[in-house]
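> Below is the file work.txt, which contains compact mmCIF, C-alpha atoms.
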# COMPACT_ATOMS: atom_id res chain seq x y z
CA MET A 792 75.13 69.30 99.24
CA ALA A 793 74.31 68.62 102.89
CA ALA A 794 77.35 70.57 104.10
CA LYS A 795 76.48 73.55 101.94
CA ASP A 796 72.85 73.56 102.98
CA SER A 797 73.68 73.33 106.68
CA GLY A 798 75.95 76.35 106.31
CA ARG A 799 72.91 78.39 105.32
CA ARG A 800 70.92 77.47 108.40
CA LYS A 801 70.95 79.80 111.41
CA ALA A 802 72.79 78.52 114.47
CA VAL A 803 70.64 77.16 117.29
CA ASP A 804 70.48 79.49 120.28
CA ALA A 805 72.40 77.75 123.03
CA SER A 806 72.96 80.79 125.26
CA PRO A 807 73.51 80.31 129.02
CA ALA A 808 70.17 82.02 129.74
CA ARG A 809 68.31 79.58 127.48
CA GLU A 810 70.10 76.61 129.05
CA ALA A 811 69.13 77.82 132.53
CA THR A 812 65.50 78.23 131.47
CA ARG A 813 65.44 74.75 129.95
CA ALA A 814 66.94 73.20 133.10
CA ALA A 815 64.43 74.98 135.35
CA SER A 816 61.53 73.77 133.21
CA VAL A 817 62.41 70.14 133.94
CA GLY A 818 63.14 70.71 137.62
CA GLN A 819 66.95 70.62 137.29
CA PRO A 820 69.26 73.27 138.70
CA PRO A 821 70.96 75.31 136.00
CA GLY A 822 74.51 74.32 135.29
CA PRO A 823 77.44 76.69 135.78
CA THR A 824 77.72 79.39 133.16
CA ALA A 825 81.10 80.50 131.90
CA LYS A 826 81.63 84.14 131.15
CA PRO A 827 82.79 84.59 127.54
CA SER A 828 86.48 85.47 127.28
CA LEU A 829 87.59 88.72 125.69
CA ALA A 830 88.82 86.76 122.67
CA ASP A 831 85.46 85.00 122.31
CA ARG A 832 83.56 88.28 122.58
CA ARG A 833 85.84 89.94 120.00
CA ALA A 834 85.28 87.02 117.62
CA THR A 835 81.51 87.27 118.10
CA ILE A 836 81.56 91.01 117.40
CA LEU A 837 83.67 90.49 114.27
CA ASN A 838 81.32 87.79 112.99
CA VAL A 839 78.34 90.09 113.45
CA ALA A 840 80.18 93.02 111.87
CA THR A 841 81.21 90.90 108.88
CA ARG A 842 77.60 89.91 108.19
CA ARG A 843 76.31 93.46 108.56
CA PHE A 844 79.06 95.09 106.49
CA ALA A 845 78.54 92.52 103.72
CA GLU A 846 74.76 92.88 103.63
CA PHE A 847 74.19 96.56 104.40
CA GLY A 848 77.55 98.23 103.79
CA PHE A 849 80.24 99.48 106.13
CA GLU A 850 79.20 103.13 106.28
CA ALA A 851 75.50 102.31 106.66
CA THR A 852 76.16 100.09 109.67
CA THR A 853 76.16 101.80 113.08
CA VAL A 854 77.95 100.88 116.28
CA ARG A 855 74.55 100.79 117.97
CA GLN A 856 73.34 98.11 115.56
CA LEU A 857 76.44 96.00 116.17
CA ALA A 858 76.08 96.35 119.93
CA ASP A 859 72.40 95.40 119.77
CA ASP A 860 73.26 92.33 117.70
CA VAL A 861 75.62 91.03 120.41
CA ASN A 862 73.40 92.25 123.26
CA ILE A 863 75.81 94.75 124.83
CA LEU A 864 75.77 98.52 125.33
CA SER A 865 77.29 100.63 122.55
CA GLY A 866 79.91 101.94 124.95
CA SER A 867 80.94 98.41 125.87
CA LEU A 868 81.84 97.74 122.23
CA TYR A 869 84.74 100.18 122.62
CA HIS A 870 86.28 97.93 125.27
CA HIS A 871 86.98 95.52 122.40
CA PHE A 872 87.56 97.82 119.40
CA ALA A 873 88.59 101.46 119.47
CA THR A 874 86.67 102.27 116.28
CA LYS A 875 84.45 100.71 113.66
CA ASP A 876 87.38 101.10 111.25
CA GLU A 877 89.45 98.81 113.46
CA MET A 878 86.83 96.10 113.01
CA LEU A 879 87.00 96.49 109.24
CA HIS A 880 90.80 96.18 109.30
CA GLU A 881 90.50 92.96 111.33
CA ILE A 882 87.97 91.56 108.87
CA VAL A 883 89.69 92.28 105.54
CA ARG A 884 93.43 92.53 106.19
CA ASP A 885 94.45 88.87 106.19
CA ALA A 886 92.06 87.91 103.40
CA VAL A 887 93.22 90.52 100.90
CA LEU A 888 96.93 90.04 101.67
CA GLN A 889 96.75 86.25 101.51
CA VAL A 890 94.90 86.22 98.19
CA LYS A 891 97.50 88.63 96.79
CA ASP A 892 100.38 86.44 98.01
CA ASN A 893 98.78 83.32 96.53
CA ALA A 894 98.13 85.03 93.19
CA ILE A 895 101.80 86.07 92.97
CA ARG A 896 102.95 82.58 93.96
CA ILE A 897 100.84 80.97 91.24
CA ALA A 898 101.86 83.53 88.61
CA ARG A 899 105.54 82.70 89.26
CA ALA A 900 105.08 78.91 89.07
CA PRO A 901 107.13 77.12 86.35
CA LEU A 902 104.07 76.03 84.34
CA ASP A 903 102.48 77.24 81.13
CA ALA A 904 100.10 80.20 81.27
CA GLU A 905 96.94 78.12 80.96
CA HIS A 906 97.76 75.95 83.96
CA ARG A 907 98.55 79.04 86.01
CA LEU A 908 95.31 80.73 84.92
CA VAL A 909 93.27 77.66 85.84
CA ALA A 910 94.97 77.55 89.25
CA MET A 911 94.20 81.23 89.85
CA ILE A 912 90.53 80.69 88.99
CA LEU A 913 90.34 77.66 91.29
CA LEU A 914 91.99 79.57 94.12
CA ASP A 915 89.83 82.68 93.79
CA LEU A 916 86.50 80.91 93.41
CA GLY A 917 87.33 78.62 96.31
CA GLU A 918 88.27 81.50 98.61
CA MET A 919 85.41 83.74 97.48
CA THR A 920 82.99 80.93 98.29
CA ARG A 921 84.57 79.83 101.57
CA ASN A 922 84.98 83.41 102.81
CA GLN A 923 82.13 84.94 100.82
CA GLU A 924 81.09 87.76 103.14
CA VAL A 925 84.64 89.09 103.51
CA HIS A 926 85.18 89.10 99.74
CA ALA A 927 81.80 90.78 99.26
CA ILE A 928 83.05 93.57 101.53
CA LEU A 929 86.31 93.82 99.60
CA SER A 930 84.35 94.17 96.36
CA ASN A 931 81.47 96.35 97.53
CA GLU A 932 83.61 98.78 99.54
CA ARG A 933 86.30 99.32 96.89
CA ARG A 934 85.48 103.06 96.56
CA PHE A 935 85.66 103.47 100.34
CA PHE A 936 89.07 101.77 100.43
CA ARG A 937 90.36 104.10 97.71
CA ARG A 938 89.20 107.16 99.67
CA ARG A 939 90.80 106.22 102.97
CA GLU A 940 94.58 106.38 103.22
CA GLU A 941 94.71 103.93 106.13
CA PHE A 942 93.27 101.26 103.84
CA ALA A 943 95.88 101.82 101.16
CA TYR A 944 97.20 98.30 101.76
CA VAL A 945 93.88 96.92 100.42
CA VAL A 946 94.22 98.92 97.20
CA GLU A 947 97.89 97.96 96.84
CA ALA A 948 97.19 94.26 97.44
CA LYS A 949 94.46 94.27 94.81
CA ARG A 950 96.79 96.05 92.40
CA ASP A 951 99.53 93.46 92.99
CA ALA A 952 97.05 90.63 92.43
CA TYR A 953 95.88 92.31 89.22
CA HIS A 954 99.47 92.47 87.95
CA ALA A 955 99.89 88.76 88.71
CA TRP A 956 96.80 87.98 86.62
CA ARG A 957 98.04 90.34 83.91
CA ALA A 958 101.43 88.62 83.72
CA VAL A 959 99.77 85.22 83.24
CA LEU A 960 97.43 86.45 80.50
CA GLN A 961 100.24 88.28 78.71
CA ASP A 962 102.41 85.17 78.79
CA GLY A 963 99.53 83.14 77.36
CA MET A 964 99.15 85.63 74.53
CA ASP A 965 102.91 85.66 73.85
CA THR A 966 103.06 81.86 73.71
CA ARG A 967 99.91 81.67 71.55
CA LEU A 968 97.94 79.69 74.09
CA PHE A 969 95.47 82.58 74.31
CA LYS A 970 93.96 84.87 71.73
CA PRO A 971 96.48 87.49 70.58
CA ASP A 972 94.03 90.38 70.82
CA LEU A 973 92.70 89.99 74.36
CA ASP A 974 91.88 93.18 76.21
CA ILE A 975 93.70 92.18 79.38
CA TYR A 976 92.11 94.77 81.69
CA LEU A 977 88.54 93.95 80.65
CA THR A 978 89.26 90.23 80.72
CA ILE A 979 90.58 90.31 84.29
CA SER A 980 87.81 92.64 85.49
CA THR A 981 85.16 90.40 83.95
CA ILE A 982 86.64 87.20 85.39
CA VAL A 983 86.93 88.64 88.91
CA ARG A 984 83.38 90.02 88.85
CA MET A 985 82.07 86.74 87.45
CA LEU A 986 83.73 84.74 90.23
CA ASN A 987 82.48 87.14 92.90
CA ALA A 988 78.94 86.86 91.54
CA ALA A 989 79.16 83.06 91.40
CA ALA A 990 80.35 82.85 95.01
CA GLU A 991 77.62 85.19 96.22
CA TRP A 992 74.93 83.28 94.32
CA TYR A 993 76.17 79.90 95.49
CA ALA A 994 76.54 80.95 99.13
CA ASN A 995 73.31 82.94 99.45
CA GLU A 996 70.99 81.58 96.75
CA ASP A 997 68.81 84.33 95.33
CA ALA A 998 65.24 83.42 96.22
CA SER A 999 64.06 84.54 92.78
CA MET A 1000 65.89 81.57 91.28
CA ALA A 1001 63.49 79.18 93.05
CA GLY A 1002 66.26 77.23 94.76
CA ALA A 1003 68.40 76.80 91.66
CA ALA A 1004 71.69 76.93 93.59
CA ALA A 1005 70.71 73.86 95.59
CA ALA A 1006 70.80 71.81 92.39
CA TYR A 1007 74.55 72.39 91.90
CA THR A 1008 77.65 71.25 93.71
CA LEU A 1009 80.59 73.60 94.02
CA ASP A 1010 82.54 71.34 91.67
CA GLN A 1011 79.88 71.80 89.00
CA VAL A 1012 79.92 75.56 89.43
CA THR A 1013 83.71 75.55 89.26
CA ASP A 1014 83.86 73.39 86.13
CA PHE A 1015 81.31 75.62 84.40
CA HIS A 1016 83.34 78.76 85.06
CA LEU A 1017 86.64 77.16 84.06
CA ASP A 1018 85.13 76.01 80.76
CA PHE A 1019 83.44 79.36 80.16
CA ILE A 1020 86.57 81.43 80.84
CA LEU A 1021 88.93 79.22 78.84
CA ASN A 1022 86.56 79.29 75.88
CA ALA A 1023 86.75 83.08 76.06
CA VAL A 1024 90.56 83.37 76.20
CA ARG A 1025 91.96 80.35 74.33
CA ALA A 1026 93.33 80.62 70.84
CA PRO A 1027 90.60 79.25 68.50
CA ALA A 1028 92.71 76.27 67.44
CA ARG A 1029 92.79 75.09 71.07
CA ALA A 1030 89.09 75.47 71.83
CA ALA A 1031 88.38 71.73 72.00
CA GLU A 1032 91.24 70.83 74.35
CA PRO A 1033 90.24 69.51 77.79
CA VAL A 1034 90.39 71.80 80.81
CA PRO A 1035 93.48 70.85 82.88
CA ARG A 1036 91.75 71.19 86.23
CA GLN A 1037 93.16 68.09 87.92
CA ALA A 1038 96.73 69.05 87.02
CA CYS A 1039 96.23 72.45 88.66
CA GLU A 1040 94.58 71.45 91.94
CA GLU A 1041 97.82 71.25 93.94
CA LEU A 1042 99.07 74.63 92.73
CA ALA A 1043 95.68 76.16 93.50
CA LYS A 1044 95.65 75.11 97.17
CA PHE A 1045 95.31 78.15 99.41
CA ARG A 1046 98.37 78.93 101.53
CA ALA A 1047 97.94 81.21 104.53
Please, can you express the file's structure as structure tokens?

Amino acid sequence: MAAKDSGRRKAVDASPAREATRAASVGQPPGPTAKPSLADRRATILNVATRRFAEFGFEATTVRQLADDVNILSGSLYHHFATKDEMLHEIVRDAVLQVKDNAIRIARAPLDAEHRLVAMILLDLGEMTRNQEVHAILSNERRFFRRREEFAYVVEAKRDAYHAWRAVLQDGMDTRLFKPDLDIYLTISTIVRMLNAAAEWYANEDASMAGAAAAYTLDQVTDFHLDFILNAVRAPARAAEPVPRQACEELAKFRA
């Protein structure tokens, strides 16, 4: 839990100005300060934009707010990104395409439907937790992505991932591993929303829960959701079978 907790702490301010002030206070000359490279500044802007878009929404976030957050003039932001939309593309493109590619890869694996479903759950929960803010944007801004033609690749990638999940559930129904009367659309929608909510809760810990998230490891959260989902989709005669998590770990490893 130490790694998770440290991820929630704010980074210590180690800016050149603060280092110079600290050195002067002890009678030492300030050390040389390196000007951030363009790549470093772009990465800083994207990190700030990711946090703001996830918390407040893309359309509600202004260029002025982003510039203020990185302590530059609004006009200077355009030296790095032509538009706010360009930032959003940079933030979501790789994530949504890589999750889609991994979902298709797992769906095509030569294993039974239950093993593939477990691997897909492991993959998605792992990525939604590791990259929580980006996946929050992908979920929260889904109407925006549907409205904007230039973000059609996001909609198409999500559709392709949905079809991969659908193929796995349908195969499980056909082979009698899963209940024969599953509503596939509602099942997938519920699973994806459940995993998104779990990742958000685990990463950000709702204060109203009085620190409940700190009592759980990610493995415990993952095992709970695997058990919960399989109990919902398995054929009744298979309800007591163990969850094949260990056998699915290799297949579930994220591939960029």
> As an exercise, work out the distance from atom CA of A:Tyr1007 to atom CA of A:Glu1032 in Å and give it to one decimal place.
24.3 Å
> Write out as number ranges by chain which residues come within 8 Å of A:Val854 when counting only C-alpha atoms, dropping same-chain ones fewer than 5 positions away.
A: 865, 868, 875
> At most 7 Å is the cut-off: for each residue in stretch 812-905 of chain A with any atom that close to an atom of stretch 959-980 of chain A, write down the nearest atom pair and the distance in Å rounded to one decimal, counting all atoms listed in the file, chain first then increasing number, as a Markdown table.

| residue | atom | partner | partner_atom | distance |
| --- | --- | --- | --- | --- |
| A:Ala898 | CA | A:Val959 | CA | 6.0 |
| A:Ala904 | CA | A:Gly963 | CA | 4.9 |
| A:Glu905 | CA | A:Gly963 | CA | 6.7 |
> Fewer than 6 positions away in the same chain doesn't count, so skip those; otherwise give me all residues within 12 Å of A:Ala851, counting all atoms listed in the file, as a list in words.
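Counting only the stated atoms, we get Ala840, Arg843, Phe844, Ala845, Leu857, Lys875 and Glu932 of chain A.
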> If you keep C-alpha atoms, can you produce a file of those selected residues as an mmCIF file, in the coordinates of the input?

data_model
loop_
_atom_site.group_PDB
_atom_site.id
_atom_site.type_symbol
_atom_site.label_atom_id
_atom_site.label_comp_id
_atom_site.auth_asym_id
_atom_site.auth_seq_id
_atom_site.Cartn_x
_atom_site.Cartn_y
_atom_site.Cartn_z
ATOM 1 C CA ALA A 840 80.180 93.020 111.870
ATOM 2 C CA ARG A 843 76.310 93.460 108.560
ATOM 3 C CA PHE A 844 79.060 95.090 106.490
ATOM 4 C CA ALA A 845 78.540 92.520 103.720
ATOM 5 C CA LEU A 857 76.440 96.000 116.170
ATOM 6 C CA LYS A 875 84.450 100.710 113.660
ATOM 7 C CA GLU A 932 83.610 98.780 99.540
#
> Can you work out the spacing between atom CA of A:Asp1014 and atom CA of A:His954 in Å, to one decimal?
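Between these atoms lies a distance of 24.7 Å.
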> Could you tell me which of A:His926, A:Arg1029, A:Arg984, A:Arg1036 comes closest to A:Val890 if we count only C-alpha atoms?
A:His926
> Excluding A:Thr841 and any residue of its chain fewer than 3 positions from it, enumerate the residues within 8 Å of it, using all atoms listed in the file, and give them as an MDAnalysis selection string.
chainID A and resid 837:838 844:845 882 924:925
> Record the distance separating atom CA of A:His880 and atom CA of A:Ala1047, expressed in Å with one decimal.
17.3 Å
> Write out as number ranges by chain each polymer residue whose atoms come within 7 Å of stretch 911-918 of chain A, counting only C-alpha atoms; drop sequence neighbours fewer than 6 positions from it.
A: 894, 897, 986, 990, 1043-1045
> Kindly indicate which residue among A:Ala1031, A:Val1012, A:Val839, A:Leu1042 lies nearest to A:Arg896, using only C-alpha atoms for the distances.
A:Leu1042
> Please provide the set of residues having any atom within 7 Å of stretch 950-953 of chain A, restricted to all atoms listed in the file, with same-chain residues fewer than 4 positions apart removed, written as a list in words.
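Contacts, with the query itself left out: Lys891, Ala894, Ile895, Val946 and Arg957 of chain A.
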> My list of candidates is A:Asn1022, A:Gln1037, A:Thr1008, A:Asn987. Which is closest to A:Leu929 when distances are computed with all atoms listed in the file?
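Nearest candidate to A:Leu929 out of A:Asn1022, A:Gln1037, A:Thr1008, A:Asn987: A:Asn987.
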> Which residues, protein or nucleic acid, reach to within 8 Å of (78.2, 89.0, 120.9) in the file's coordinates when using all atoms listed in the file, and can you give that as JSON, numbers by chain?
{"A": [832, 833, 835, 836, 839, 858, 860, 861, 862, 863]}
> Please write the residues from the selection above to a file, keeping C-alpha atoms, as a PDB file, in the frame of the given file.

ATOM      1  CA  ARG A 832      83.560  88.280 122.580  1.00  0.00           C
ATOM      2  CA  ARG A 833      85.840  89.940 120.000  1.00  0.00           C
ATOM      3  CA  THR A 835      81.510  87.270 118.100  1.00  0.00           C
ATOM      4  CA  ILE A 836      81.560  91.010 117.400  1.00  0.00           C
ATOM      5  CA  VAL A 839      78.340  90.090 113.450  1.00  0.00           C
ATOM      6  CA  ALA A 858      76.080  96.350 119.930  1.00  0.00           C
ATOM      7  CA  ASP A 860      73.260  92.330 117.700  1.00  0.00           C
ATOM      8  CA  VAL A 861      75.620  91.030 120.410  1.00  0.00           C
ATOM      9  CA  ASN A 862      73.400  92.250 123.260  1.00  0.00           C
ATOM     10  CA  ILE A 863      75.810  94.750 124.830  1.00  0.00           C
TER      11      ILE A 863
END
